[in-house]
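For reference, the structure is listed below as structure tokens.
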Amino acid sequence: MPRHKTLVDIGQRIMKRFQLLKLEVEEDFVIYAVHLLARDSRRGLLKSDLNKPTACALNSFVDMVVDSYVSPTDCTMVNAKMAWVMKKGLTIDLQYVKNQYEEKFHQELEILIKDILQYPETCSKVQLDQLFAKMQVFIVACYHLGCPKNHVLLKLTAQALNSVIGRSDLQNYVLKKKYHRLEYLQRLAATVGGIVIYNNDGPDGDRDNVRSVINDLEMAQKNTEAAFAASMEKADGVRNICQAALEELVTIDSKEEMISYKVPLEHMDRLNQFSLTYCMLHRCLTTLNSNYQTTAYLIEVELKRYNCVVAKINETLAMRTAIESELIFPHFVYIAQVWGNLNNYLHHIVELNKLREQLEALVVDDLVTLAEATVAELQALHKRIKTAKVVTFEERMNAVKGLKTDGNFCNLAQADIKEFCGLFMTMTNGLLMPAKAVRKLCSNVDISFGFRNPQFARFAELRFEPFIAAFRNVVFNSANLTLLFKIDDQLIAQELQDLIVEPPKQIDAGNQTEMVVTNDLSPSNWINVTWNVWDYHRETIKLANMRNHQTHDSQTKISYGTRNAQNQTYNTRQHN
């Protein structure tokens, strides 16, 4: 694969340049960006023969990649960085966050657990006091009740622990086996943790010393919703400004099949870059916000469970003065479990906010200033140019016919392309315009296309084949559009695979001596070599069960020809 080898060499050269600049860049990202940008019709290597590349073309491409990475206002590289953050952002998944935090937390508690389990069976009073104190710290840390150094919190935990396990019980605890001690310690922590949580529930709780995850969640949700709303509103506003300006600069007549514009399309593409970046940002934020909304729903459900079990405990305590532990302790354990789930949801919200902040840091405020300046520049240029250029749809589709791509049309089925007008995108070589109508042009593939109006959709239906060919060339040869529509992985998946090593045409045949089994213990032979009498009993029971499952219905006997076997006669063989 010469193409693959050339791109690998380019990636290595770029990594060396980054090392000279003392920049820490992921090598996987460099490989990903090189394969993606090489396909771009404006900035890539489509006009070069990668089987025999020229040094000038490779040097200019390497310089372009390095300069665009260093520049914070290069829209294409910003889009690639945002896509990389979303690909590597495993913390977007709630279950992944839960597993990671629990694994890290168990590693931190492992030393404390070993310290608790090390006490011998013959413990002195001082040792039992130390064990009791370490149990308090373990319970506070295990359920995130607050700072383990807070003496007021430790005192509240000691009171709850005394109500569950006394001095004699603590002496019996050290007499248990270690694996029984660990199991009992976990159940004890859940019960005592639930008691501390319940005692500090409501307005009368000690909020200065005991942490309330419910209050933390309320504040986190409020701040997260406000942050997402502000970021998405800003991104939506900038892209609307850019797309409104492009709509003024380009006129499309679907009846006459003509497109007219004064400002060259290459100049309008500079403005389209900002529109693409803020569309990309808006889509990434929408994905994060969707995951946040799912977690918010789970929080709502978990809070209902929490309030339900608190009400059940209140009802139980109100009816009796002395309550058996088997009746009330399971409710405290359940509260501790719900408390742990709420902590996991809080961790997930924190991780989603970290991803949001990474995305916002990539899209710097200077991009807004540059976008507004570009809009003013193009509008002034539009006023100065008196004569508009008018071209037909056929000419615009022929303009992109020369582009080559190995992108499959079916890849578009997984892309969300219905948000933008496909005809406008095709005729202007990638300019974005919001769609107002959605159509499925192909009955064989479930792909929904967006169009500015029904007339645009009608033209695409009548000229389906040339429209799809041109649309395919425009999308697959634009790094920005492949990133926006999330088809970048499918497009470069084949080239990102390792180099295929062809097997040799001739292989030396090797001879291997057969292994002789001297004592075959397979199920078919094991009864002959067993030394256990119970194996014979099991084999006998097995054969008896098989005998009991024998069928006696007449259909089976007729099928095998044995129903009237006693009346059948057979002709003997005639001997000459």
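Chain labels A, B, ... are given in the sequence in which chains occur in the structure tokens; within each chain residues are numbered consecutively from 1, and ligands are likewise numbered from 1 in the order shown.
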Would you give me, as a compact mmCIF listing (two decimals) with N, CA and C atoms, in the first residue's frame, the residues in range 188-401 of chain A that DSSP reads as alpha helix (DSSP H)?
```txt
# COMPACT_ATOMS: atom_id res chain seq x y z
N LEU A 188 -21.60 -3.70 57.61
CA LEU A 188 -21.63 -2.77 58.74
C LEU A 188 -21.49 -1.33 58.25
N ALA A 189 -20.60 -1.10 57.28
CA ALA A 189 -20.42 0.26 56.74
C ALA A 189 -21.70 0.76 56.07
N ALA A 190 -22.37 -0.13 55.33
CA ALA A 190 -23.61 0.27 54.68
C ALA A 190 -24.68 0.65 55.70
N THR A 191 -24.80 -0.15 56.76
CA THR A 191 -25.82 0.12 57.79
C THR A 191 -25.52 1.41 58.54
N VAL A 192 -24.29 1.55 59.02
CA VAL A 192 -23.93 2.74 59.79
C VAL A 192 -23.96 3.98 58.90
N GLY A 193 -23.47 3.87 57.67
CA GLY A 193 -23.53 5.00 56.75
C GLY A 193 -24.96 5.44 56.50
N GLY A 194 -25.88 4.48 56.35
CA GLY A 194 -27.29 4.84 56.18
C GLY A 194 -27.87 5.54 57.39
N ILE A 195 -27.45 5.12 58.59
CA ILE A 195 -27.93 5.78 59.81
C ILE A 195 -27.45 7.23 59.87
N VAL A 196 -26.17 7.46 59.55
CA VAL A 196 -25.64 8.82 59.57
C VAL A 196 -26.35 9.69 58.53
N ILE A 197 -26.59 9.14 57.36
CA ILE A 197 -27.30 9.89 56.30
C ILE A 197 -28.72 10.23 56.75
N TYR A 198 -29.40 9.26 57.34
CA TYR A 198 -30.78 9.48 57.77
C TYR A 198 -30.84 10.51 58.91
N ASN A 199 -29.93 10.41 59.87
CA ASN A 199 -29.96 11.33 61.00
C ASN A 199 -29.73 12.78 60.59
N VAL A 213 -25.07 15.10 49.46
CA VAL A 213 -24.90 14.93 48.02
C VAL A 213 -26.11 15.47 47.26
N ILE A 214 -27.26 15.53 47.96
CA ILE A 214 -28.48 16.05 47.30
C ILE A 214 -28.31 17.54 47.02
N ASN A 215 -27.82 18.28 47.99
CA ASN A 215 -27.57 19.71 47.76
C ASN A 215 -26.49 19.94 46.71
N ASP A 216 -25.45 19.08 46.73
CA ASP A 216 -24.40 19.20 45.71
C ASP A 216 -24.95 18.96 44.32
N LEU A 217 -25.86 17.99 44.20
CA LEU A 217 -26.45 17.69 42.90
C LEU A 217 -27.33 18.84 42.41
N GLU A 218 -28.08 19.43 43.31
CA GLU A 218 -28.94 20.56 42.92
C GLU A 218 -28.10 21.71 42.36
N MET A 219 -27.00 22.02 43.05
CA MET A 219 -26.14 23.10 42.57
C MET A 219 -25.45 22.72 41.26
N ALA A 220 -24.99 21.47 41.17
CA ALA A 220 -24.30 21.03 39.95
C ALA A 220 -25.25 21.04 38.75
N GLN A 221 -26.47 20.59 38.94
CA GLN A 221 -27.43 20.59 37.84
C GLN A 221 -27.77 22.01 37.39
N LYS A 222 -27.94 22.88 38.35
CA LYS A 222 -28.27 24.27 38.00
C LYS A 222 -27.13 24.92 37.20
N ASN A 223 -25.90 24.74 37.66
CA ASN A 223 -24.76 25.33 36.96
C ASN A 223 -24.52 24.68 35.60
N THR A 224 -24.71 23.36 35.51
CA THR A 224 -24.48 22.66 34.25
C THR A 224 -25.50 23.07 33.20
N GLU A 225 -26.76 23.15 33.58
CA GLU A 225 -27.79 23.55 32.62
C GLU A 225 -27.55 24.97 32.12
N ALA A 226 -27.15 25.86 33.02
CA ALA A 226 -26.87 27.24 32.62
C ALA A 226 -25.66 27.31 31.68
N ALA A 227 -24.62 26.51 31.96
CA ALA A 227 -23.42 26.53 31.13
C ALA A 227 -23.71 25.98 29.74
N PHE A 228 -24.44 24.88 29.66
CA PHE A 228 -24.78 24.31 28.36
C PHE A 228 -25.66 25.27 27.56
N ALA A 229 -26.63 25.87 28.21
CA ALA A 229 -27.51 26.80 27.52
C ALA A 229 -26.74 27.99 26.96
N ALA A 230 -25.82 28.53 27.75
CA ALA A 230 -25.06 29.70 27.29
C ALA A 230 -24.14 29.33 26.12
N SER A 231 -23.45 28.19 26.21
CA SER A 231 -22.53 27.79 25.14
C SER A 231 -23.28 27.48 23.85
N MET A 232 -24.39 26.78 23.96
CA MET A 232 -25.15 26.42 22.76
C MET A 232 -25.80 27.65 22.14
N GLU A 233 -26.23 28.58 22.96
CA GLU A 233 -26.81 29.81 22.43
C GLU A 233 -25.75 30.63 21.68
N LYS A 234 -24.55 30.70 22.22
CA LYS A 234 -23.48 31.44 21.56
C LYS A 234 -23.12 30.79 20.23
N ALA A 235 -22.97 29.46 20.22
CA ALA A 235 -22.63 28.76 18.99
C ALA A 235 -23.73 28.92 17.95
N ASP A 236 -24.97 28.84 18.39
CA ASP A 236 -26.10 28.98 17.47
C ASP A 236 -26.15 30.39 16.89
N GLY A 237 -25.85 31.39 17.71
CA GLY A 237 -25.89 32.77 17.22
C GLY A 237 -24.84 33.05 16.16
N VAL A 238 -23.60 32.56 16.36
CA VAL A 238 -22.52 32.82 15.39
C VAL A 238 -22.80 32.11 14.08
N ARG A 239 -23.24 30.85 14.14
CA ARG A 239 -23.50 30.14 12.89
C ARG A 239 -24.67 30.74 12.14
N ASN A 240 -25.67 31.27 12.84
CA ASN A 240 -26.80 31.91 12.17
C ASN A 240 -26.35 33.18 11.44
N ILE A 241 -25.43 33.93 12.06
CA ILE A 241 -24.89 35.13 11.41
C ILE A 241 -24.17 34.76 10.11
N CYS A 242 -23.33 33.73 10.18
CA CYS A 242 -22.57 33.31 9.00
C CYS A 242 -23.49 32.80 7.89
N GLN A 243 -24.47 31.96 8.26
CA GLN A 243 -25.35 31.39 7.24
C GLN A 243 -26.28 32.44 6.65
N ALA A 244 -26.71 33.41 7.45
CA ALA A 244 -27.54 34.49 6.91
C ALA A 244 -26.76 35.32 5.90
N ALA A 245 -25.48 35.57 6.18
CA ALA A 245 -24.65 36.33 5.24
C ALA A 245 -24.45 35.56 3.95
N LEU A 246 -24.24 34.24 4.04
CA LEU A 246 -24.07 33.43 2.83
C LEU A 246 -25.34 33.40 2.00
N GLU A 247 -26.47 33.39 2.66
CA GLU A 247 -27.74 33.37 1.92
C GLU A 247 -27.94 34.66 1.12
N GLU A 248 -27.45 35.77 1.65
CA GLU A 248 -27.55 37.04 0.92
C GLU A 248 -26.60 37.09 -0.28
N LEU A 249 -25.48 36.38 -0.18
CA LEU A 249 -24.47 36.46 -1.23
C LEU A 249 -24.72 35.51 -2.39
N LEU A 265 -16.78 32.05 -4.89
CA LEU A 265 -17.07 31.01 -3.90
C LEU A 265 -15.87 30.75 -2.99
N GLU A 266 -14.67 30.95 -3.49
CA GLU A 266 -13.48 30.73 -2.66
C GLU A 266 -13.43 31.73 -1.50
N HIS A 267 -13.89 32.94 -1.73
CA HIS A 267 -13.94 33.92 -0.65
C HIS A 267 -15.04 33.58 0.36
N MET A 268 -16.17 33.13 -0.16
CA MET A 268 -17.27 32.75 0.75
C MET A 268 -16.92 31.53 1.58
N ASP A 269 -16.01 30.70 1.08
CA ASP A 269 -15.60 29.53 1.85
C ASP A 269 -14.90 29.94 3.14
N ARG A 270 -14.22 31.09 3.14
CA ARG A 270 -13.58 31.57 4.38
C ARG A 270 -14.62 31.82 5.47
N LEU A 271 -15.76 32.37 5.08
CA LEU A 271 -16.83 32.58 6.05
C LEU A 271 -17.48 31.26 6.43
N ASN A 272 -17.56 30.36 5.46
CA ASN A 272 -18.17 29.05 5.74
C ASN A 272 -17.36 28.26 6.76
N GLN A 273 -16.06 28.50 6.84
CA GLN A 273 -15.23 27.80 7.82
C GLN A 273 -15.70 28.09 9.25
N PHE A 274 -16.03 29.34 9.52
CA PHE A 274 -16.54 29.70 10.86
C PHE A 274 -17.90 29.06 11.12
N SER A 275 -18.74 29.04 10.10
CA SER A 275 -20.04 28.41 10.24
C SER A 275 -19.89 26.92 10.57
N LEU A 276 -18.95 26.26 9.88
CA LEU A 276 -18.71 24.83 10.14
C LEU A 276 -18.21 24.59 11.56
N THR A 277 -17.31 25.46 12.03
CA THR A 277 -16.76 25.27 13.37
C THR A 277 -17.83 25.40 14.45
N TYR A 278 -18.68 26.40 14.32
CA TYR A 278 -19.71 26.59 15.35
C TYR A 278 -20.85 25.58 15.20
N CYS A 279 -21.08 25.07 13.99
CA CYS A 279 -22.01 23.94 13.84
C CYS A 279 -21.45 22.69 14.51
N MET A 280 -20.15 22.48 14.35
CA MET A 280 -19.48 21.35 14.99
C MET A 280 -19.55 21.47 16.51
N LEU A 281 -19.27 22.66 17.01
CA LEU A 281 -19.35 22.88 18.45
C LEU A 281 -20.76 22.64 18.97
N HIS A 282 -21.75 23.13 18.24
CA HIS A 282 -23.14 22.97 18.66
C HIS A 282 -23.53 21.50 18.70
N ARG A 283 -23.08 20.72 17.72
CA ARG A 283 -23.41 19.30 17.70
C ARG A 283 -22.72 18.54 18.84
N CYS A 284 -21.47 18.88 19.11
CA CYS A 284 -20.76 18.23 20.23
C CYS A 284 -21.43 18.56 21.56
N LEU A 285 -21.80 19.82 21.74
CA LEU A 285 -22.50 20.22 22.97
C LEU A 285 -23.86 19.55 23.07
N THR A 286 -24.53 19.38 21.95
CA THR A 286 -25.82 18.70 21.96
C THR A 286 -25.67 17.25 22.41
N THR A 287 -24.60 16.59 21.95
CA THR A 287 -24.35 15.21 22.38
C THR A 287 -24.09 15.14 23.88
N LEU A 288 -23.26 16.03 24.38
CA LEU A 288 -22.98 16.05 25.82
C LEU A 288 -24.24 16.38 26.61
N ASN A 289 -25.02 17.33 26.12
CA ASN A 289 -26.23 17.72 26.83
C ASN A 289 -27.25 16.59 26.85
N SER A 290 -27.29 15.81 25.76
CA SER A 290 -28.20 14.66 25.73
C SER A 290 -27.83 13.64 26.80
N ASN A 291 -26.52 13.38 26.96
CA ASN A 291 -26.08 12.46 28.02
C ASN A 291 -26.36 13.05 29.40
N TYR A 292 -26.23 14.35 29.54
CA TYR A 292 -26.54 14.99 30.82
C TYR A 292 -28.03 14.84 31.15
N GLN A 293 -28.89 15.02 30.16
CA GLN A 293 -30.32 14.90 30.40
C GLN A 293 -30.69 13.48 30.84
N THR A 294 -30.01 12.49 30.28
CA THR A 294 -30.25 11.11 30.72
C THR A 294 -29.87 10.93 32.18
N THR A 295 -28.70 11.47 32.55
CA THR A 295 -28.27 11.38 33.95
C THR A 295 -29.21 12.17 34.87
N ALA A 296 -29.71 13.31 34.40
CA ALA A 296 -30.64 14.10 35.21
C ALA A 296 -31.93 13.32 35.47
N TYR A 297 -32.38 12.56 34.47
CA TYR A 297 -33.57 11.73 34.68
C TYR A 297 -33.30 10.65 35.72
N LEU A 298 -32.13 10.02 35.65
CA LEU A 298 -31.78 8.98 36.63
C LEU A 298 -31.67 9.58 38.03
N ILE A 299 -31.18 10.81 38.12
CA ILE A 299 -31.11 11.49 39.43
C ILE A 299 -32.52 11.69 39.98
N GLU A 300 -33.43 12.11 39.12
CA GLU A 300 -34.81 12.32 39.56
C GLU A 300 -35.43 11.03 40.09
N VAL A 301 -35.18 9.93 39.39
CA VAL A 301 -35.70 8.63 39.84
C VAL A 301 -35.08 8.23 41.17
N GLU A 302 -33.77 8.43 41.29
CA GLU A 302 -33.08 8.03 42.52
C GLU A 302 -33.52 8.88 43.71
N LEU A 303 -33.80 10.14 43.49
CA LEU A 303 -34.29 10.99 44.58
C LEU A 303 -35.66 10.55 45.06
N LYS A 304 -36.48 10.07 44.14
CA LYS A 304 -37.79 9.54 44.54
C LYS A 304 -37.62 8.30 45.42
N ARG A 305 -36.66 7.46 45.07
CA ARG A 305 -36.38 6.28 45.91
C ARG A 305 -35.89 6.70 47.28
N TYR A 306 -35.03 7.70 47.29
CA TYR A 306 -34.49 8.19 48.57
C TYR A 306 -35.61 8.72 49.46
N ASN A 307 -36.48 9.54 48.92
CA ASN A 307 -37.58 10.09 49.71
C ASN A 307 -38.53 8.99 50.16
N CYS A 308 -38.70 7.97 49.32
CA CYS A 308 -39.61 6.88 49.67
C CYS A 308 -39.08 6.09 50.87
N VAL A 309 -37.78 5.75 50.85
CA VAL A 309 -37.23 4.95 51.95
C VAL A 309 -37.13 5.79 53.23
N VAL A 310 -36.88 7.10 53.12
CA VAL A 310 -36.87 7.95 54.31
C VAL A 310 -38.27 8.00 54.93
N ALA A 311 -39.29 8.11 54.08
CA ALA A 311 -40.67 8.11 54.59
C ALA A 311 -41.00 6.77 55.25
N LYS A 312 -40.49 5.67 54.68
CA LYS A 312 -40.74 4.36 55.27
C LYS A 312 -40.08 4.24 56.64
N ILE A 313 -38.86 4.75 56.77
CA ILE A 313 -38.18 4.70 58.08
C ILE A 313 -38.91 5.57 59.09
N ASN A 314 -39.36 6.75 58.66
CA ASN A 314 -40.12 7.62 59.57
C ASN A 314 -41.39 6.94 60.05
N GLU A 315 -42.05 6.26 59.13
CA GLU A 315 -43.28 5.56 59.50
C GLU A 315 -43.00 4.43 60.47
N THR A 316 -41.91 3.70 60.26
CA THR A 316 -41.56 2.59 61.14
C THR A 316 -41.18 3.07 62.53
N LEU A 317 -40.39 4.14 62.59
CA LEU A 317 -39.97 4.66 63.89
C LEU A 317 -41.10 5.32 64.66
N ALA A 318 -42.08 5.83 63.96
CA ALA A 318 -43.19 6.50 64.63
C ALA A 318 -44.13 5.52 65.31
N MET A 319 -44.14 4.27 64.89
CA MET A 319 -45.10 3.30 65.41
C MET A 319 -44.57 2.54 66.61
N SER A 325 -33.54 -5.12 64.88
CA SER A 325 -32.58 -4.69 63.85
C SER A 325 -32.92 -5.26 62.48
N GLU A 326 -33.47 -6.49 62.43
CA GLU A 326 -33.80 -7.09 61.14
C GLU A 326 -34.89 -6.32 60.41
N LEU A 327 -35.66 -5.52 61.15
CA LEU A 327 -36.75 -4.78 60.54
C LEU A 327 -36.31 -3.43 59.99
N ILE A 328 -35.37 -2.78 60.66
CA ILE A 328 -35.02 -1.41 60.28
C ILE A 328 -33.68 -1.30 59.55
N PHE A 329 -32.74 -2.21 59.83
CA PHE A 329 -31.41 -2.09 59.23
C PHE A 329 -31.42 -2.19 57.70
N PRO A 330 -32.23 -3.06 57.08
CA PRO A 330 -32.25 -3.10 55.61
C PRO A 330 -32.60 -1.76 54.97
N HIS A 331 -33.41 -0.94 55.64
CA HIS A 331 -33.75 0.38 55.08
C HIS A 331 -32.54 1.30 55.09
N PHE A 332 -31.74 1.20 56.16
CA PHE A 332 -30.52 2.02 56.20
C PHE A 332 -29.52 1.58 55.12
N VAL A 333 -29.43 0.28 54.89
CA VAL A 333 -28.54 -0.21 53.82
C VAL A 333 -29.01 0.31 52.47
N TYR A 334 -30.32 0.34 52.26
CA TYR A 334 -30.86 0.83 50.99
C TYR A 334 -30.56 2.32 50.81
N ILE A 335 -30.67 3.09 51.88
CA ILE A 335 -30.33 4.52 51.80
C ILE A 335 -28.87 4.70 51.40
N ALA A 336 -27.98 3.88 51.97
CA ALA A 336 -26.57 3.98 51.63
C ALA A 336 -26.33 3.65 50.16
N GLN A 337 -27.06 2.66 49.62
CA GLN A 337 -26.93 2.32 48.20
C GLN A 337 -27.41 3.46 47.31
N VAL A 338 -28.54 4.05 47.67
CA VAL A 338 -29.04 5.18 46.89
C VAL A 338 -28.06 6.35 46.96
N TRP A 339 -27.48 6.57 48.14
CA TRP A 339 -26.49 7.63 48.32
C TRP A 339 -25.29 7.40 47.40
N GLY A 340 -24.84 6.16 47.32
CA GLY A 340 -23.73 5.83 46.42
C GLY A 340 -24.07 6.07 44.96
N ASN A 341 -25.31 5.74 44.55
CA ASN A 341 -25.73 6.00 43.16
C ASN A 341 -25.75 7.49 42.86
N LEU A 342 -26.22 8.28 43.81
CA LEU A 342 -26.25 9.73 43.61
C LEU A 342 -24.84 10.29 43.47
N ASN A 343 -23.90 9.74 44.23
CA ASN A 343 -22.51 10.17 44.09
C ASN A 343 -21.96 9.85 42.70
N ASN A 344 -22.31 8.68 42.16
CA ASN A 344 -21.87 8.32 40.81
C ASN A 344 -22.45 9.28 39.77
N TYR A 345 -23.70 9.68 39.94
CA TYR A 345 -24.32 10.62 39.00
C TYR A 345 -23.64 11.99 39.09
N LEU A 346 -23.25 12.37 40.29
CA LEU A 346 -22.53 13.63 40.45
C LEU A 346 -21.17 13.58 39.75
N HIS A 347 -20.48 12.45 39.88
CA HIS A 347 -19.21 12.29 39.19
C HIS A 347 -19.39 12.39 37.68
N HIS A 348 -20.47 11.81 37.17
CA HIS A 348 -20.71 11.86 35.72
C HIS A 348 -20.95 13.30 35.25
N ILE A 349 -21.69 14.07 36.03
CA ILE A 349 -21.92 15.47 35.67
C ILE A 349 -20.60 16.23 35.66
N VAL A 350 -19.74 15.95 36.63
CA VAL A 350 -18.43 16.61 36.67
C VAL A 350 -17.63 16.29 35.42
N GLU A 351 -17.63 15.03 35.00
CA GLU A 351 -16.87 14.64 33.81
C GLU A 351 -17.45 15.26 32.54
N LEU A 352 -18.78 15.35 32.44
CA LEU A 352 -19.39 15.99 31.28
C LEU A 352 -19.01 17.46 31.21
N ASN A 353 -18.94 18.12 32.36
CA ASN A 353 -18.52 19.52 32.38
C ASN A 353 -17.05 19.67 31.97
N LYS A 354 -16.23 18.71 32.33
CA LYS A 354 -14.83 18.76 31.89
C LYS A 354 -14.73 18.67 30.38
N LEU A 355 -15.52 17.79 29.76
CA LEU A 355 -15.52 17.67 28.30
C LEU A 355 -16.05 18.96 27.66
N ARG A 356 -17.08 19.54 28.26
CA ARG A 356 -17.63 20.81 27.73
C ARG A 356 -16.56 21.90 27.79
N GLU A 357 -15.84 21.98 28.87
CA GLU A 357 -14.80 23.00 29.00
C GLU A 357 -13.67 22.79 28.00
N GLN A 358 -13.33 21.53 27.71
CA GLN A 358 -12.31 21.26 26.70
C GLN A 358 -12.77 21.76 25.33
N LEU A 359 -14.02 21.52 24.98
CA LEU A 359 -14.54 21.98 23.69
C LEU A 359 -14.56 23.51 23.62
N GLU A 360 -15.01 24.14 24.69
CA GLU A 360 -15.07 25.61 24.70
C GLU A 360 -13.68 26.23 24.63
N ALA A 361 -12.68 25.55 25.22
CA ALA A 361 -11.32 26.09 25.17
C ALA A 361 -10.74 26.02 23.76
N LEU A 362 -11.18 25.04 22.96
CA LEU A 362 -10.68 24.94 21.59
C LEU A 362 -11.23 26.05 20.70
N ASP A 366 -11.51 34.71 19.68
CA ASP A 366 -11.03 35.43 18.48
C ASP A 366 -11.78 34.98 17.23
N LEU A 367 -12.31 33.76 17.24
CA LEU A 367 -13.05 33.27 16.07
C LEU A 367 -14.31 34.10 15.82
N VAL A 368 -14.95 34.55 16.90
CA VAL A 368 -16.14 35.39 16.74
C VAL A 368 -15.77 36.71 16.08
N THR A 369 -14.68 37.30 16.54
CA THR A 369 -14.23 38.56 15.95
C THR A 369 -13.86 38.40 14.48
N LEU A 370 -13.15 37.32 14.16
CA LEU A 370 -12.78 37.06 12.78
C LEU A 370 -14.00 36.80 11.90
N ALA A 371 -14.99 36.10 12.43
CA ALA A 371 -16.20 35.82 11.66
C ALA A 371 -16.95 37.12 11.35
N GLU A 372 -17.09 37.97 12.34
CA GLU A 372 -17.78 39.24 12.10
C GLU A 372 -17.02 40.11 11.10
N ALA A 373 -15.69 40.12 11.19
CA ALA A 373 -14.89 40.89 10.24
C ALA A 373 -15.01 40.33 8.84
N THR A 374 -15.06 39.00 8.71
CA THR A 374 -15.20 38.38 7.39
C THR A 374 -16.56 38.68 6.79
N VAL A 375 -17.61 38.69 7.60
CA VAL A 375 -18.95 39.05 7.11
C VAL A 375 -18.94 40.47 6.57
N ALA A 376 -18.36 41.40 7.31
CA ALA A 376 -18.31 42.80 6.84
C ALA A 376 -17.49 42.93 5.57
N GLU A 377 -16.40 42.19 5.49
CA GLU A 377 -15.54 42.26 4.30
C GLU A 377 -16.27 41.74 3.06
N LEU A 378 -16.96 40.61 3.19
CA LEU A 378 -17.65 40.03 2.04
C LEU A 378 -18.86 40.88 1.63
N GLN A 379 -19.54 41.46 2.58
CA GLN A 379 -20.67 42.34 2.23
C GLN A 379 -20.19 43.59 1.49
N ALA A 380 -19.05 44.14 1.91
CA ALA A 380 -18.49 45.30 1.20
C ALA A 380 -18.05 44.91 -0.20
N LEU A 381 -17.45 43.75 -0.35
CA LEU A 381 -17.03 43.27 -1.66
C LEU A 381 -18.23 43.02 -2.57
N HIS A 382 -19.31 42.51 -1.99
CA HIS A 382 -20.53 42.26 -2.75
C HIS A 382 -21.11 43.56 -3.31
N LYS A 383 -20.99 44.64 -2.55
CA LYS A 383 -21.51 45.93 -3.02
C LYS A 383 -20.64 46.52 -4.13
N ARG A 384 -19.33 46.27 -4.05
CA ARG A 384 -18.42 46.86 -5.05
C ARG A 384 -18.54 46.17 -6.40
N PHE A 393 -26.76 24.72 -13.08
CA PHE A 393 -26.55 23.61 -12.16
C PHE A 393 -25.62 22.56 -12.79
N GLU A 394 -25.79 22.35 -14.08
CA GLU A 394 -24.98 21.36 -14.77
C GLU A 394 -23.50 21.73 -14.71
N GLU A 395 -23.20 23.00 -14.89
CA GLU A 395 -21.82 23.45 -14.82
C GLU A 395 -21.23 23.27 -13.43
N ARG A 396 -22.02 23.57 -12.39
CA ARG A 396 -21.53 23.42 -11.02
C ARG A 396 -21.30 21.94 -10.67
N MET A 397 -22.17 21.06 -11.16
CA MET A 397 -21.98 19.63 -10.88
C MET A 397 -20.78 19.09 -11.65
N ASN A 398 -20.55 19.62 -12.86
CA ASN A 398 -19.38 19.18 -13.62
C ASN A 398 -18.09 19.70 -12.99
N ALA A 399 -18.17 20.79 -12.24
CA ALA A 399 -16.96 21.36 -11.63
C ALA A 399 -16.37 20.44 -10.57
```
Within range 232-377 of chain A, find each residue whose DSSP state, derived from the backbone, is strand (DSSP E or B), and express the selection as a ChimeraX atom specification. /A:250-253,258-261
Just give me the gap between CA of Phe459 in chain A and CA of Tyr261 in chain A in Å, one decimal is fine.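 Result for CA of Phe459 in chain A versus CA of Tyr261 in chain A: 20.0 Å, one decimal.
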To one decimal place, how far is CA of Arg463 in chain A from CA of Ser41 in chain A in Å?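 Distance reported for this atom pair: 24.3 Å.
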Which residue is closest to Ile417 in chain A? Choose from A:Arg439, A:Arg39, A:Arg538, A:Lys114 and count only C-alpha atoms.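 So, comparing all the options, the nearest one is A:Arg439.
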Please provide the set of residues having any atom within 8 Å of range 116-118 of chain A, restricted to only C-alpha atoms, with same-chain residues fewer than 4 positions apart removed, written as a list in words. Leu112, Leu131, Lys134, Met135, Lys178, Arg181 and Leu182 of chain A
Tyr32 in chain A environment, 9 Å, only C-alpha atoms, sequence neighbours closer than 4 positions dropped, as an MDAnalysis selection string: chainID A and resid 27:28 36:37 80 84 492 496
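One distance worth recording is that between CA of Leu441 in chain A and CA of Phe471 in chain A, which is 12.8 Å.
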